[in-house]
Structures are given as structure tokens and as C-alpha cells.
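Colleague: Input structure: final26.txt, which contains compact mmCIF, C-alpha atoms.
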# COMPACT_ATOMS: atom_id res chain seq x y z
CA MET G 1 -10.27 -0.69 8.86
CA THR G 2 -8.46 2.10 10.74
CA HIS G 3 -4.82 2.66 9.91
CA PRO G 4 -2.17 4.86 11.52
CA THR G 5 -1.59 8.02 9.51
CA PRO G 6 1.86 8.50 7.97
CA SER G 7 2.41 11.58 10.11
CA ASP G 8 2.26 9.38 13.22
CA ALA G 9 5.84 8.26 12.47
CA VAL G 10 8.60 9.79 14.58
CA THR G 11 11.17 11.47 12.35
CA ARG G 12 14.87 11.07 12.98
CA ASP G 13 17.25 13.79 14.13
CA GLN G 14 17.80 15.81 10.95
CA GLY G 15 21.26 16.81 12.15
CA GLU G 16 22.42 13.22 11.93
CA ALA G 17 23.92 12.48 8.53
CA LEU G 18 23.67 9.02 7.01
CA PRO G 19 26.79 7.41 5.55
CA ALA G 20 26.90 6.55 1.85
CA ASP G 21 28.84 3.25 1.79
CA TYR G 22 27.18 -0.15 1.96
CA ALA G 23 29.14 -1.49 4.96
CA SER G 24 28.20 1.44 7.20
CA LEU G 25 24.60 1.52 6.05
CA SER G 26 24.25 -2.23 6.53
CA ALA G 27 25.58 -1.93 10.08
CA ARG G 28 22.93 0.72 10.74
CA PHE G 29 19.94 -0.92 9.09
CA GLN G 30 20.53 -4.67 9.38
CA PRO G 31 19.40 -4.79 13.04
CA ILE G 32 16.14 -3.15 11.92
CA PHE G 33 15.87 -5.63 9.04
CA ASP G 34 16.37 -8.47 11.52
CA GLY G 35 13.49 -7.18 13.63
CA ILE G 36 11.31 -6.93 10.54
CA ALA G 37 12.20 -10.53 9.61
CA ALA G 38 11.30 -11.77 13.08
CA GLY G 39 7.69 -10.65 12.65
CA ALA G 40 7.25 -11.51 8.96
CA VAL G 41 5.45 -14.83 9.43
CA ALA G 42 3.03 -13.44 12.02
CA ARG G 43 2.18 -10.47 9.81
CA GLU G 44 1.59 -12.81 6.88
CA GLN G 45 -0.71 -15.08 8.88
CA GLU G 46 -2.66 -12.21 10.44
CA ARG G 47 -2.63 -10.08 7.27
CA ARG G 48 -1.31 -7.21 9.35
CA LEU G 49 0.12 -4.39 7.26
CA PRO G 50 3.65 -3.32 8.33
CA PHE G 51 2.89 0.25 9.39
CA ASP G 52 5.18 0.13 12.43
CA GLU G 53 8.06 -1.48 10.55
CA ILE G 54 7.93 1.07 7.74
CA ALA G 55 7.64 3.95 10.23
CA ARG G 56 10.79 2.71 11.99
CA LEU G 57 12.74 2.61 8.73
CA ASN G 58 11.51 6.07 7.76
CA ALA G 59 12.44 7.44 11.17
CA GLU G 60 15.99 6.16 10.63
CA GLY G 61 16.21 7.91 7.28
CA PHE G 62 15.86 4.92 4.96
CA GLY G 63 13.61 6.93 2.64
CA THR G 64 16.30 9.59 2.13
CA LEU G 65 19.02 7.33 0.74
CA ARG G 66 18.80 8.55 -2.86
CA VAL G 67 18.58 12.27 -2.05
CA PRO G 68 21.67 13.74 -3.78
CA ALA G 69 24.51 15.01 -1.59
CA GLU G 70 24.24 18.47 -3.15
CA HIS G 71 20.70 18.67 -1.76
CA GLY G 72 21.69 17.58 1.74
CA GLY G 73 21.13 13.84 1.37
CA PRO G 74 23.42 10.81 1.66
CA GLY G 75 23.78 10.56 -2.12
CA VAL G 76 23.82 6.76 -2.01
CA THR G 77 24.49 5.11 -5.38
CA ILE G 78 21.83 3.00 -7.06
CA GLU G 79 24.03 -0.07 -6.54
CA THR G 80 24.37 0.51 -2.79
CA PHE G 81 20.67 1.29 -2.43
CA THR G 82 19.79 -1.86 -4.38
CA HIS G 83 22.06 -3.97 -2.17
CA LEU G 84 20.27 -2.67 0.92
CA LEU G 85 16.88 -3.26 -0.70
CA ILE G 86 17.81 -6.90 -1.38
CA ASP G 87 18.68 -7.26 2.31
CA LEU G 88 15.34 -5.72 3.29
CA ALA G 89 13.45 -7.96 0.85
CA GLN G 90 15.09 -11.00 2.42
CA ALA G 91 13.62 -9.84 5.74
CA ASP G 92 10.16 -9.07 4.29
CA SER G 93 9.55 -8.67 0.57
CA ASN G 94 6.36 -6.69 1.26
CA VAL G 95 8.21 -3.92 3.05
CA ALA G 96 10.87 -3.68 0.36
CA HIS G 97 8.30 -3.71 -2.46
CA GLN G 98 6.24 -0.83 -1.12
CA TYR G 99 9.33 1.43 -1.24
CA ARG G 100 9.26 1.08 -5.04
CA SER G 101 6.83 3.98 -5.28
CA HIS G 102 8.74 6.30 -2.99
CA PHE G 103 12.15 5.75 -4.50
CA GLY G 104 10.77 5.89 -8.03
CA PHE G 105 9.43 9.36 -7.26
CA LEU G 106 12.64 10.35 -5.47
CA ASP G 107 14.84 9.33 -8.41
CA SER G 108 12.61 11.21 -10.84
CA LEU G 109 13.25 14.45 -8.94
CA ARG G 110 16.81 14.68 -10.26
CA PHE G 111 15.32 15.36 -13.70
CA GLN G 112 12.83 18.00 -12.52
CA PRO G 113 13.28 21.80 -12.51
CA GLU G 114 15.01 23.40 -9.55
CA GLU G 115 11.79 24.83 -8.11
CA VAL G 116 10.32 21.32 -7.88
CA GLN G 117 13.49 19.97 -6.27
CA GLN G 118 13.53 22.80 -3.75
CA LEU G 119 10.00 21.86 -2.67
CA TRP G 120 10.35 18.08 -2.49
CA TYR G 121 13.91 17.29 -1.38
CA PRO G 122 13.48 19.11 1.97
CA ARG G 123 10.18 17.30 2.56
CA ILE G 124 11.79 13.93 1.96
CA LEU G 125 14.76 14.79 4.17
CA ALA G 126 12.23 15.70 6.87
CA GLY G 127 10.77 12.18 6.67
CA ALA G 128 7.96 12.45 4.09
CA THR G 129 7.31 9.48 1.80
CA VAL G 130 5.49 9.26 -1.53
CA GLY G 131 3.33 6.44 -2.85
CA ASN G 132 2.20 5.70 -6.38
CA ALA G 133 -1.14 5.77 -8.19
CA SER G 134 -0.59 5.20 -11.89
CA THR G 135 -2.52 2.18 -13.11
CA GLU G 136 -6.26 2.00 -13.68
CA LYS G 137 -7.98 -1.35 -13.26
CA GLY G 138 -9.76 -1.23 -16.61
CA GLY G 139 -11.76 0.87 -19.02
CA ASN G 140 -8.89 3.07 -20.17
CA ALA G 141 -7.45 2.61 -23.66
CA LEU G 142 -3.74 1.82 -23.83
CA GLY G 143 -1.88 5.13 -23.69
CA ARG G 144 -4.84 7.01 -22.21
CA LEU G 145 -6.11 7.60 -18.68
CA ASN G 146 -9.54 8.20 -17.19
CA THR G 147 -8.08 10.07 -14.22
CA VAL G 148 -8.08 13.77 -15.13
CA ILE G 149 -6.45 17.01 -14.02
CA THR G 150 -8.72 20.00 -14.63
CA GLU G 151 -7.46 23.57 -14.55
CA THR G 152 -9.86 25.94 -12.76
CA GLU G 153 -9.68 29.59 -11.74
CA GLN G 154 -8.82 28.43 -8.25
CA GLY G 155 -6.10 26.03 -9.42
CA ALA G 156 -5.69 22.47 -10.66
CA VAL G 157 -8.06 19.74 -9.44
CA LEU G 158 -7.68 15.95 -9.66
CA ASN G 159 -10.48 13.41 -10.21
CA GLY G 160 -10.22 9.68 -10.83
CA ARG G 161 -9.76 6.18 -9.47
CA LYS G 162 -6.59 4.08 -9.43
CA PHE G 163 -5.68 0.50 -8.56
CA TYR G 164 -2.28 -1.13 -7.82
CA THR G 165 -1.43 1.91 -5.68
CA THR G 166 1.53 0.22 -3.99
CA GLY G 167 2.84 2.02 -0.93
CA THR G 168 0.23 4.78 -0.92
CA ILE G 169 -1.50 3.53 2.23
CA PHE G 170 1.79 3.95 4.14
CA ALA G 171 2.81 7.27 2.59
CA ASP G 172 2.33 10.98 3.27
CA TYR G 173 1.80 11.76 -0.41
CA THR G 174 1.06 9.85 -3.58
CA ARG G 175 2.02 10.61 -7.16
CA VAL G 176 -0.92 10.23 -9.55
CA SER G 177 -0.62 9.91 -13.32
CA ALA G 178 -3.46 11.70 -15.08
CA ALA G 179 -4.63 13.12 -18.36
CA VAL G 180 -4.97 16.89 -18.57
CA ASP G 181 -8.44 18.03 -19.50
CA GLY G 182 -8.41 19.52 -22.99
CA ARG G 183 -4.77 18.64 -23.72
CA ASP G 184 -2.78 15.74 -25.12
CA GLY G 185 -0.35 13.76 -23.00
CA ARG G 186 -0.27 13.16 -19.28
CA ARG G 187 1.16 14.72 -16.14
CA PHE G 188 1.83 13.64 -12.58
CA ALA G 189 0.03 15.25 -9.64
CA VAL G 190 1.55 14.74 -6.18
CA VAL G 191 -1.14 15.04 -3.50
CA SER G 192 -1.35 14.43 0.22
CA THR G 193 -2.91 11.10 1.19
CA THR G 194 -4.85 12.95 3.91
CA ALA G 195 -6.12 15.76 1.64
CA PRO G 196 -9.88 16.26 1.33
CA GLY G 197 -11.21 14.03 -1.43
CA VAL G 198 -8.52 11.32 -1.13
CA THR G 199 -9.61 7.82 -0.12
CA VAL G 200 -7.13 4.94 0.13
CA LEU G 201 -8.51 1.39 0.44
CA ASP G 202 -6.79 -1.81 1.57
CA ASP G 203 -8.52 -4.03 -0.99
CA TRP G 204 -5.58 -5.75 -2.71
CA ASP G 205 -6.56 -9.42 -3.16
CA GLY G 206 -3.45 -10.94 -4.75
CA PHE G 207 -2.25 -14.30 -3.44
CA GLY G 208 1.22 -12.85 -2.88
CA GLN G 209 2.75 -9.60 -1.66
CA LYS G 210 -0.40 -9.27 0.42
CA LEU G 211 0.91 -6.52 2.68
CA THR G 212 2.10 -3.92 0.15
CA GLY G 213 -1.07 -1.81 0.23
CA THR G 214 -1.54 -2.42 -3.49
CA GLY G 215 -5.19 -1.48 -3.59
CA THR G 216 -7.55 1.30 -4.67
CA ALA G 217 -7.11 5.05 -4.34
CA ILE G 218 -9.96 7.46 -5.16
CA PHE G 219 -9.49 11.17 -5.94
CA ASP G 220 -12.61 13.32 -5.80
CA GLY G 221 -12.01 16.99 -6.50
CA VAL G 222 -8.55 16.96 -4.89
CA GLU G 223 -6.76 20.31 -5.04
CA ILE G 224 -3.17 20.22 -6.34
CA GLU G 225 -0.71 22.59 -4.72
CA PRO G 226 1.76 24.65 -6.81
CA GLY G 227 4.98 22.75 -7.46
CA SER G 228 3.20 19.41 -7.39
CA LEU G 229 2.35 19.11 -11.08
CA LEU G 230 5.17 17.30 -12.85
CA ASP G 231 5.69 16.88 -16.57
CA ARG G 232 6.53 13.57 -18.24
CA ILE G 233 7.96 13.45 -21.76
CA LEU G 234 8.25 10.04 -23.39
CA GLY G 235 11.78 9.40 -24.57
CA SER G 236 13.30 11.85 -22.10
CA SER G 237 15.99 10.81 -19.64
CA ASP G 238 13.41 11.02 -16.85
CA ALA G 239 10.96 8.62 -18.50
CA VAL G 240 13.58 6.12 -19.67
CA HIS G 241 15.49 6.06 -16.39
CA GLU G 242 12.41 5.80 -14.22
CA ALA G 243 10.91 2.94 -16.22
CA ALA G 244 14.15 1.00 -15.75
CA PHE G 245 14.48 2.03 -12.09
CA PHE G 246 10.95 0.88 -11.24
CA GLN G 247 11.72 -2.54 -12.71
CA LEU G 248 15.09 -2.70 -10.94
CA ILE G 249 13.33 -2.46 -7.59
CA LEU G 250 11.12 -5.43 -8.46
CA LEU G 251 14.23 -7.38 -9.41
CA ALA G 252 15.82 -6.52 -6.07
CA VAL G 253 12.70 -7.80 -4.31
CA LEU G 254 12.94 -11.08 -6.25
CA SER G 255 16.60 -11.41 -5.31
CA GLY G 256 15.71 -10.90 -1.66
CA ILE G 257 13.02 -13.59 -1.87
CA ALA G 258 15.60 -16.04 -3.26
CA HIS G 259 17.87 -15.26 -0.31
CA ALA G 260 14.97 -15.79 2.09
CA ALA G 261 14.36 -19.22 0.54
CA ARG G 262 18.04 -20.08 1.00
CA ARG G 263 17.96 -18.86 4.62
CA ASP G 264 14.85 -20.87 5.49
CA ALA G 265 16.04 -24.01 3.67
CA ALA G 266 19.32 -24.02 5.57
CA ALA G 267 17.60 -23.39 8.91
CA LEU G 268 15.05 -26.15 8.34
CA VAL G 269 17.67 -28.72 7.41
CA ALA G 270 20.02 -27.75 10.23
CA GLY G 271 17.29 -28.29 12.83
CA ARG G 272 15.70 -31.46 11.43
CA ALA G 273 16.06 -34.80 13.23
CA ARG G 274 13.60 -36.96 11.25
CA THR G 275 14.59 -38.82 8.09
CA PHE G 276 13.18 -41.47 5.73
CA ASN G 277 13.98 -45.16 5.39
CA THR G 278 14.39 -44.56 1.65
CA GLY G 279 17.26 -42.15 2.26
CA SER G 280 20.83 -42.59 3.46
CA GLY G 281 19.88 -42.89 7.11
CA LEU G 282 22.02 -39.86 7.91
CA PRO G 283 20.64 -36.74 9.58
CA PHE G 284 19.41 -34.34 6.91
CA ARG G 285 22.17 -31.86 7.71
CA ASP G 286 24.77 -34.52 6.78
CA ASP G 287 22.95 -36.07 3.82
CA PRO G 288 24.82 -35.24 0.57
CA LEU G 289 21.61 -35.06 -1.50
CA ILE G 290 19.98 -32.62 0.91
CA GLN G 291 23.17 -30.56 1.05
CA GLU G 292 23.14 -30.44 -2.74
CA ALA G 293 19.53 -29.24 -2.77
CA VAL G 294 20.34 -26.38 -0.38
CA GLY G 295 23.47 -25.59 -2.37
CA ARG G 296 21.45 -25.22 -5.57
CA ILE G 297 19.07 -22.82 -3.83
CA ALA G 298 22.04 -20.81 -2.57
CA ALA G 299 23.52 -20.68 -6.09
CA LYS G 300 20.25 -19.36 -7.51
CA ALA G 301 20.13 -16.65 -4.84
CA TYR G 302 23.76 -15.72 -5.51
CA ALA G 303 23.21 -15.51 -9.26
CA ALA G 304 20.06 -13.41 -8.86
CA GLU G 305 21.86 -10.91 -6.64
CA ALA G 306 24.86 -10.71 -8.97
CA ILE G 307 22.61 -9.96 -11.96
CA VAL G 308 20.60 -7.34 -10.07
CA LEU G 309 23.66 -5.53 -8.72
CA GLN G 310 25.28 -5.47 -12.16
CA THR G 311 22.07 -4.00 -13.55
CA ALA G 312 22.13 -1.35 -10.81
CA ARG G 313 25.66 -0.40 -11.86
CA VAL G 314 24.44 0.18 -15.42
CA LEU G 315 21.74 2.53 -14.10
CA ASP G 316 24.38 4.38 -12.07
CA ASP G 317 26.39 4.85 -15.26
CA GLY G 318 23.33 6.28 -17.00
CA VAL G 319 22.55 8.79 -14.25
CA ALA G 320 26.19 9.89 -14.11
CA VAL G 321 26.13 11.25 -17.67
CA THR G 322 22.64 12.76 -17.62
CA ALA G 323 22.00 16.46 -17.13
CA GLY G 324 18.37 17.52 -16.80
CA ASN G 325 15.31 16.16 -18.54
CA THR G 326 16.83 15.96 -22.02
CA PRO G 327 16.47 13.26 -24.68
CA ALA G 328 17.95 10.12 -23.18
CA PRO G 329 21.61 9.51 -24.12
CA ASP G 330 22.84 6.02 -24.95
CA ALA G 331 23.98 5.37 -21.37
CA VAL G 332 20.41 5.84 -20.11
CA GLN G 333 18.95 3.77 -22.95
CA TYR G 334 21.29 0.93 -21.97
CA SER G 335 19.68 0.96 -18.51
CA GLU G 336 16.50 -0.40 -20.07
CA VAL G 337 18.49 -2.99 -22.03
CA ALA G 338 20.19 -4.18 -18.84
CA VAL G 339 16.94 -4.31 -16.90
CA GLU G 340 15.25 -6.37 -19.58
CA HIS G 341 18.05 -8.95 -19.55
CA ALA G 342 17.55 -9.24 -15.79
CA GLN G 343 13.77 -9.44 -16.13
CA VAL G 344 14.09 -12.55 -18.26
CA THR G 345 16.51 -14.32 -15.90
CA VAL G 346 15.99 -13.22 -12.29
CA PRO G 347 12.32 -14.29 -11.91
CA GLU G 348 13.20 -17.83 -12.96
CA LEU G 349 16.02 -17.93 -10.40
CA ALA G 350 13.84 -16.61 -7.58
CA LEU G 351 10.91 -18.87 -8.39
CA GLY G 352 13.27 -21.83 -8.65
CA ALA G 353 14.80 -21.08 -5.25
CA ALA G 354 11.35 -20.75 -3.66
CA GLN G 355 10.14 -23.99 -5.28
CA ASP G 356 13.29 -25.97 -4.45
CA LEU G 357 12.89 -25.06 -0.79
CA PHE G 358 10.35 -27.89 -0.61
CA LEU G 359 12.92 -30.43 -1.84
CA THR G 360 14.94 -30.04 1.35
CA VAL G 361 12.42 -31.37 3.92
CA GLY G 362 9.27 -33.46 4.10
CA ALA G 363 5.59 -32.66 4.23
CA SER G 364 6.12 -30.68 7.43
CA ALA G 365 7.33 -27.81 5.22
CA THR G 366 3.74 -27.31 4.04
CA SER G 367 2.55 -26.41 7.54
CA THR G 368 0.70 -23.11 7.43
CA GLY G 369 2.47 -22.23 10.67
CA LYS G 370 5.76 -22.01 8.76
CA ALA G 371 4.26 -19.97 5.89
CA LEU G 372 7.04 -21.14 3.58
CA ASP G 373 4.69 -20.98 0.61
CA ARG G 374 4.78 -17.19 0.88
CA HIS G 375 8.17 -17.10 -0.85
CA TRP G 376 6.86 -18.72 -4.02
CA ARG G 377 3.59 -16.74 -3.93
CA ASN G 378 5.46 -13.50 -3.42
CA ALA G 379 7.99 -14.24 -6.16
CA GLN G 380 5.26 -15.21 -8.61
CA THR G 381 3.31 -12.05 -7.85
CA VAL G 382 6.32 -9.81 -8.42
CA ALA G 383 7.30 -11.71 -11.58
CA THR G 384 3.93 -11.00 -13.20
CA HIS G 385 4.35 -7.21 -13.12
CA ASN G 386 5.94 -7.07 -16.58
CA PRO G 387 5.29 -10.02 -18.94
CA ILE G 388 8.60 -11.83 -19.43
CA SER G 389 7.72 -12.93 -22.95
CA PHE G 390 7.42 -9.28 -24.04
CA ARG G 391 10.82 -8.50 -22.53
CA ALA G 392 12.49 -11.49 -24.19
CA ARG G 393 11.03 -10.55 -27.58
CA ALA G 394 12.26 -6.97 -27.22
CA LEU G 395 15.76 -8.23 -26.42
CA GLY G 396 15.72 -10.43 -29.49
CA ASP G 397 14.74 -7.46 -31.62
CA TYR G 398 17.54 -5.43 -30.04
CA TRP G 399 20.28 -7.96 -30.68
CA ILE G 400 19.06 -8.89 -34.17
CA ASN G 401 17.92 -5.52 -35.49
CA GLY G 402 19.41 -2.96 -33.12
CA VAL G 403 15.98 -1.72 -32.00
CA LEU G 404 16.17 -0.21 -28.51
CA PRO G 405 13.55 -1.70 -26.18
CA GLU G 406 10.85 0.54 -24.74
CA GLY G 407 10.34 0.60 -20.98
CA LEU G 408 6.94 -0.12 -19.47
CA ASN G 409 5.07 3.20 -19.29
CA ALA G 410 1.40 2.42 -19.98
CA ILE G 411 -1.18 -0.28 -19.29
CA GLY G 412 -4.69 -0.22 -20.75
CA ASP G 413 -7.22 -1.89 -22.99
CA ALA G 414 -5.89 -2.97 -26.40
CA ALA G 415 -7.51 -1.68 -29.56
CA ARG G 416 -9.52 -4.30 -31.46
CA ASN G 417 -7.07 -4.35 -34.33
CA GLY G 418 -4.12 -4.69 -31.98
CA ALA G 419 -2.81 -1.16 -32.59
CA SER G 420 -2.25 1.10 -29.60
CA SER G 421 -4.31 4.26 -29.45
Using C-alpha cells, write down the structure that the file contains.
Modeller:
Amino acid sequence: MTHPTPSDAVTRDQGEALPADYASLSARFQPIFDGIAAGAVAREQERRLPFDEIARLNAEGFGTLRVPAEHGGPGVTIETFTHLLIDLAQADSNVAHQYRSHFGFLDSLRFQPEEVQQLWYPRILAGATVGNASTEKGGNALGRLNTVITETEQGAVLNGRKFYTTGTIFADYTRVSAAVDGRDGRRFAVVSTTAPGVTVLDDWDGFGQKLTGTGTAIFDGVEIEPGSLLDRILGSSDAVHEAAFFQLILLAVLSGIAHAARRDAAALVAGRARTFNTGSGLPFRDDPLIQEAVGRIAAKAYAAEAIVLQTARVLDDGVAVTAGNTPAPDAVQYSEVAVEHAQVTVPELALGAAQDLFLTVGASATSTGKALDRHWRNAQTVATHNPISFRARALGDYWINGVLPEGLNAIGDAARNGASS
């Protein structure tokens, strides 16, 4: 399959500054979101990846929202960014989801040394985007990676294979987690997706979020440029904040899916003429039971958004008191606590809204032409990213014993005795 290259996107006028408040940003981006929503069903049915839609958003500066004002960006708060991401996810959850990688990288830059910031902030302001390549499909022990950075006389070289590389197929660069040959720990290498030795495959086979580019990336002797090797220290503000931030984006996607279910339920009922002899005989739009069903969907969507935006405010509070990549203060640790509360509640709300959509109409809702099942499939796919039972247990331990929960930072094969390696 041939895909447009990320550099094919037209970048926006760099002299045009983006606003930082939600109302102004919504006025700018909502017309684009509406256009994305208009083509969502067709893309789903044709399995057509949203290259053009993402390029349009990038050209309008969407990918720059979290660049700090002191580095020439809009300096949008996490809460405002999250609100916009919910709106985008309502239009197409695939498009919103693939930005998880880019904005996760972008937020991590605020904890990096100045020389790294001076390299990457200008690139992002110029329109560059960054994907993600962290997880390996199997064969790596929990806490270890088979992808390796090797130091040579000519410089650092990357070799390995990743799966779940969300967003990479749309991006100019991708950030790869890797072990360092001959050393403990791991580092991140940021490499161009068009560099020699990089292969990105569209082989994601999940039943939901089909258009996120969550497939395989292969790195064969890829050279790493100076300034593109980033350190990661477990327990640092960087690691704790980013783990929470990555999960926050998934929660925003779930909230957007709930809103999409509410939107489609209301539209279906408003336009329906047929009814059943077992009902009230009223048009569906006037039937109190159908109105109640739509109202319950709307309440679930409202509650999901309220929880996600409150969680975003907690992350804003954490970033506000953090200086550099130091041990995480309490305000940053509370970001993970807030996210884990939301991870236990928001998936249930989004899945419930998507399921209840089918209580508002008859069997016609199952028509593949409507693709209404995509909301439930997409919500279920996003909800599986971080096992809810683990999050609920960690919260119980926190409230009973005061043990701070640990953010998700590693996936791999368990040791036979259950201990991590």
C-alpha cells in the first residue's frame, strides 16, 4: 500500500499565532472537525486512513497547541487541549487517538534539557509531528526491550521491531523506546519515519480504532542524529507526568465516543417515522421512553466529559509546580491518582453510551451502511489499553494504605513466578 509522506502536508503560515482560549480555538477548529465527521463513516467502511484529514489539522497548527508560550507556541493548557481533543474524537475517534503519540512526545519536551528543546520545539512549530514506537508484540521480558541502541564510532544506531506504533504512519518522526547495548535502563531515540532502515506497516488488525495506524515499525541500522537521544528516569516528573498524560488522551477519546453516540442517537430518533404496535403509537421523537433512552446516553456523555476535564485540571496543576526532570513532587504524583480514578469510570460510561444507542431505534440501526457499531468497537478497543482491574486495585491500595499508584510504563512477558524482571 502506498501512503502519502508526512512532508506532503502544507504547513500553515508561521507568522500566524494561534489563540490559547477554548472558545477561540473551537471557532477555528470546529469547522475542520465537522468536515472530518462528515467523512468518518465512509473512511470506516473503506478502511481508508485519514492522511488528508490529519494533514489539514497539522497545517492549521493543531499539533503545536502544547508548545509553551516561552518557546513561541500557543501555550494551551492541558484542560483546553483536552476539551478540543474530545471535540475531535466526537468527529472521528481514530484521528484524535493517533495524536496521542505526538502530544505525549511534545509534553515530555518540557522536562528535557534546553538543547533538546531548542532542536524540537522549532521543528514542531514548523509543522513536524512525532509518532510512537514503544511496545513490542512479544518475546521481551517485562521491564526489558529487544529493540537496542548501539553506540558506534560513527554514532548511535537503532535496531528492533515494534508493534502498536500509533500515529507513526502519519508522522514525520517517531519516538522509539530501546535498551542501550551494554547498559542498564532504557532511552528514547527519535528518528525520521523516512530515514534509511525505517519501515512502517499498516497491519493493525483490531476490530476497533482501525484507522489509527497502530501497526508494525521496523528499525534496521537506523542512524540517530545528535539531540535525538532522550533519557527516561523512572520516578522523575517526566516519567510520572507522561504516563498520566498518555492515559488522559485515551480518556478524552472515550469521552468523544460517548458524545458521538449521543449525537447519532438524537439524529436517528429525530428523523424516524416508523414505530411499533407494542409502543405508545407516538412518533419516536415524542415517545417518552425513547426520549429517556437518549437522555441517559446524553448524561453518560456529560459525566464522562466532566470527569476527563477535571482530570486534565489536575495534570495542569502538576505541570505548574514542576521545574525540570526532578523527582516528581506530590502535585505530579496526584496526576496519576486522578487518571486512575477516571480510568475506572470513564470506559464504563462510554461503552454504556455506545451500547444504549441501540435502545433508541429498531433493527435498522444495525445496518452496516450506518456503521453505528463502530462507536462500541472503538470504545472497547480504547478501554483495553490499560486493564481496569489493575487500576481499581491500585486505587484501593492508595486509599487504604496510602501507596501511590504507578503509571503504566512497561509491557512484556511475566516471569514464571510472577515477579517482574
Colleague: Calculated over only C-alpha atoms, which of the candidates G:Ala243, G:Val294, G:Ala350, G:Ala267 has the smallest distance to Glu406 in chain G?
Modeller: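 For Glu406 in chain G, the nearest of the given residues is G:Ala243.
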Colleague: Hey, which of G:Gly369, G:Gly227, G:Gly279, G:Pro68 ends up closest to Gly155 in chain G? Count all atoms listed in the file.
Modeller: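 Of the candidates, the smallest distance to Gly155 in chain G is held by G:Gly227.
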Colleague: What gap, in Å, lies between CA of Ala415 in chain G and CA of Gly143 in chain G?
Modeller: 10.6 Å
Colleague: Quick one: everything within 6 Å of range 214-221 of chain G, counting all atoms listed in the file, minus sequence neighbours fewer than 3 positions away in the same chain. Send it as a ChimeraX atom specification.
Modeller: /G:157-166,197-204
Colleague: Using only C-alpha atoms, please write the residues we just selected to a file, as a PDB file, in the coordinates of the input.
Modeller:
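Wrote selection.pdb, looks like this:
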ATOM      1  CA  VAL G 157      -8.060  19.740  -9.440  1.00  0.00           C
ATOM      2  CA  LEU G 158      -7.680  15.950  -9.660  1.00  0.00           C
ATOM      3  CA  ASN G 159     -10.480  13.410 -10.210  1.00  0.00           C
ATOM      4  CA  GLY G 160     -10.220   9.680 -10.830  1.00  0.00           C
ATOM      5  CA  ARG G 161      -9.760   6.180  -9.470  1.00  0.00           C
ATOM      6  CA  LYS G 162      -6.590   4.080  -9.430  1.00  0.00           C
ATOM      7  CA  PHE G 163      -5.680   0.500  -8.560  1.00  0.00           C
ATOM      8  CA  TYR G 164      -2.280  -1.130  -7.820  1.00  0.00           C
ATOM      9  CA  THR G 165      -1.430   1.910  -5.680  1.00  0.00           C
ATOM     10  CA  THR G 166       1.530   0.220  -3.990  1.00  0.00           C
ATOM     11  CA  GLY G 197     -11.210  14.030  -1.430  1.00  0.00           C
ATOM     12  CA  VAL G 198      -8.520  11.320  -1.130  1.00  0.00           C
ATOM     13  CA  THR G 199      -9.610   7.820  -0.120  1.00  0.00           C
ATOM     14  CA  VAL G 200      -7.130   4.940   0.130  1.00  0.00           C
ATOM     15  CA  LEU G 201      -8.510   1.390   0.440  1.00  0.00           C
ATOM     16  CA  ASP G 202      -6.790  -1.810   1.570  1.00  0.00           C
ATOM     17  CA  ASP G 203      -8.520  -4.030  -0.990  1.00  0.00           C
ATOM     18  CA  TRP G 204      -5.580  -5.750  -2.710  1.00  0.00           C
TER      19      TRP G 204
END
Colleague: Please produce, as a tab-separated table, a per-residue contact table for range 199-286 of chain G versus range 73-94 of chain G (criterion: any atom at most 9 Å away, only C-alpha atoms considered), showing the nearest atom pair and its distance in Å to one decimal, sorted by chain then residue number.
Modeller:
residue	atom	partner	partner_atom	distance
G:Gln209	CA	G:Asn94	CA	5.5
G:Lys210	CA	G:Asn94	CA	7.3
G:Leu211	CA	G:Asn94	CA	5.6
G:Thr212	CA	G:Asn94	CA	5.2
G:Gly213	CA	G:Asn94	CA	8.9
G:Phe245	CA	G:Ile78	CA	9.0
G:Leu248	CA	G:Thr82	CA	8.1
G:Ile249	CA	G:Thr82	CA	7.2
G:Leu251	CA	G:Ile86	CA	8.8
G:Ala252	CA	G:Ile86	CA	5.1
G:Val253	CA	G:Ala89	CA	5.2
G:Leu254	CA	G:Ala89	CA	7.8
G:Ser255	CA	G:Ile86	CA	6.1
G:Gly256	CA	G:Gln90	CA	4.1
G:Ile257	CA	G:Gln90	CA	5.4
G:Ala258	CA	G:Gln90	CA	7.6
G:His259	CA	G:Gln90	CA	5.8
G:Ala260	CA	G:Gln90	CA	4.8
G:Ala261	CA	G:Gln90	CA	8.5
G:Arg263	CA	G:Gln90	CA	8.7
Colleague: Which distance in Å separates CA of Glu53 in chain G and CA of Phe170 in chain G, to one decimal?
Modeller: 10.5 Å
Colleague: From the set G:Ala293, G:Ile411, G:Ala328, G:Val41, which residue has the shortest atom-to-atom contact distance to Thr135 in chain G, counting all atoms listed in the file?
Modeller: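 Ranked by minimum distance to Thr135 in chain G, first place goes to G:Ile411.
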Colleague: So which residues touch Ala171 in chain G within 8 Å, counting all atoms listed in the file, skipping near sequence neighbours fewer than 4 positions away, as a PyMOL selection string?
Modeller: chain G and resi 6+128-131+167+193
Colleague: Provide the CA of Phe111 in chain G to CA of Glu340 in chain G distance in Å, to one decimal place.
Modeller: 22.5 Å
Colleague: What lies within 8 Å of Ala353 in chain G using all atoms listed in the file, ignoring chain neighbours under 5 positions off, as a VMD selection string?
Modeller: chain G and resid 258 261 to 262 296 to 298 300 to 301
Colleague: Looking at all atoms listed in the file, which of G:Pro387, G:Gly295, G:Gly35, G:Pro19 is the one that sits closest to Arg56 in chain G?
Modeller: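 Looking at the shortest contact to Arg56 in chain G, the residue is G:Gly35.
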Colleague: Counting all atoms listed in the file, which of G:Arg66, G:Val95, G:Ala23, G:Arg110 gets nearest to Leu49 in chain G?
Modeller: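 Residue with the minimum atom-to-atom distance to Leu49 in chain G: G:Val95.
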Colleague: What lies within 6 Å of Ser101 in chain G using only C-alpha atoms, ignoring chain neighbours under 2 positions off, as a PyMOL selection string?
Modeller: chain G and resi 99+103-104+131-132
Colleague: Please determine, counting all atoms listed in the file, which residue among G:Val344, G:Val339, G:Leu404, G:Val176 has the shortest atom-to-atom distance to Ala392 in chain G.
Modeller: G:Val344
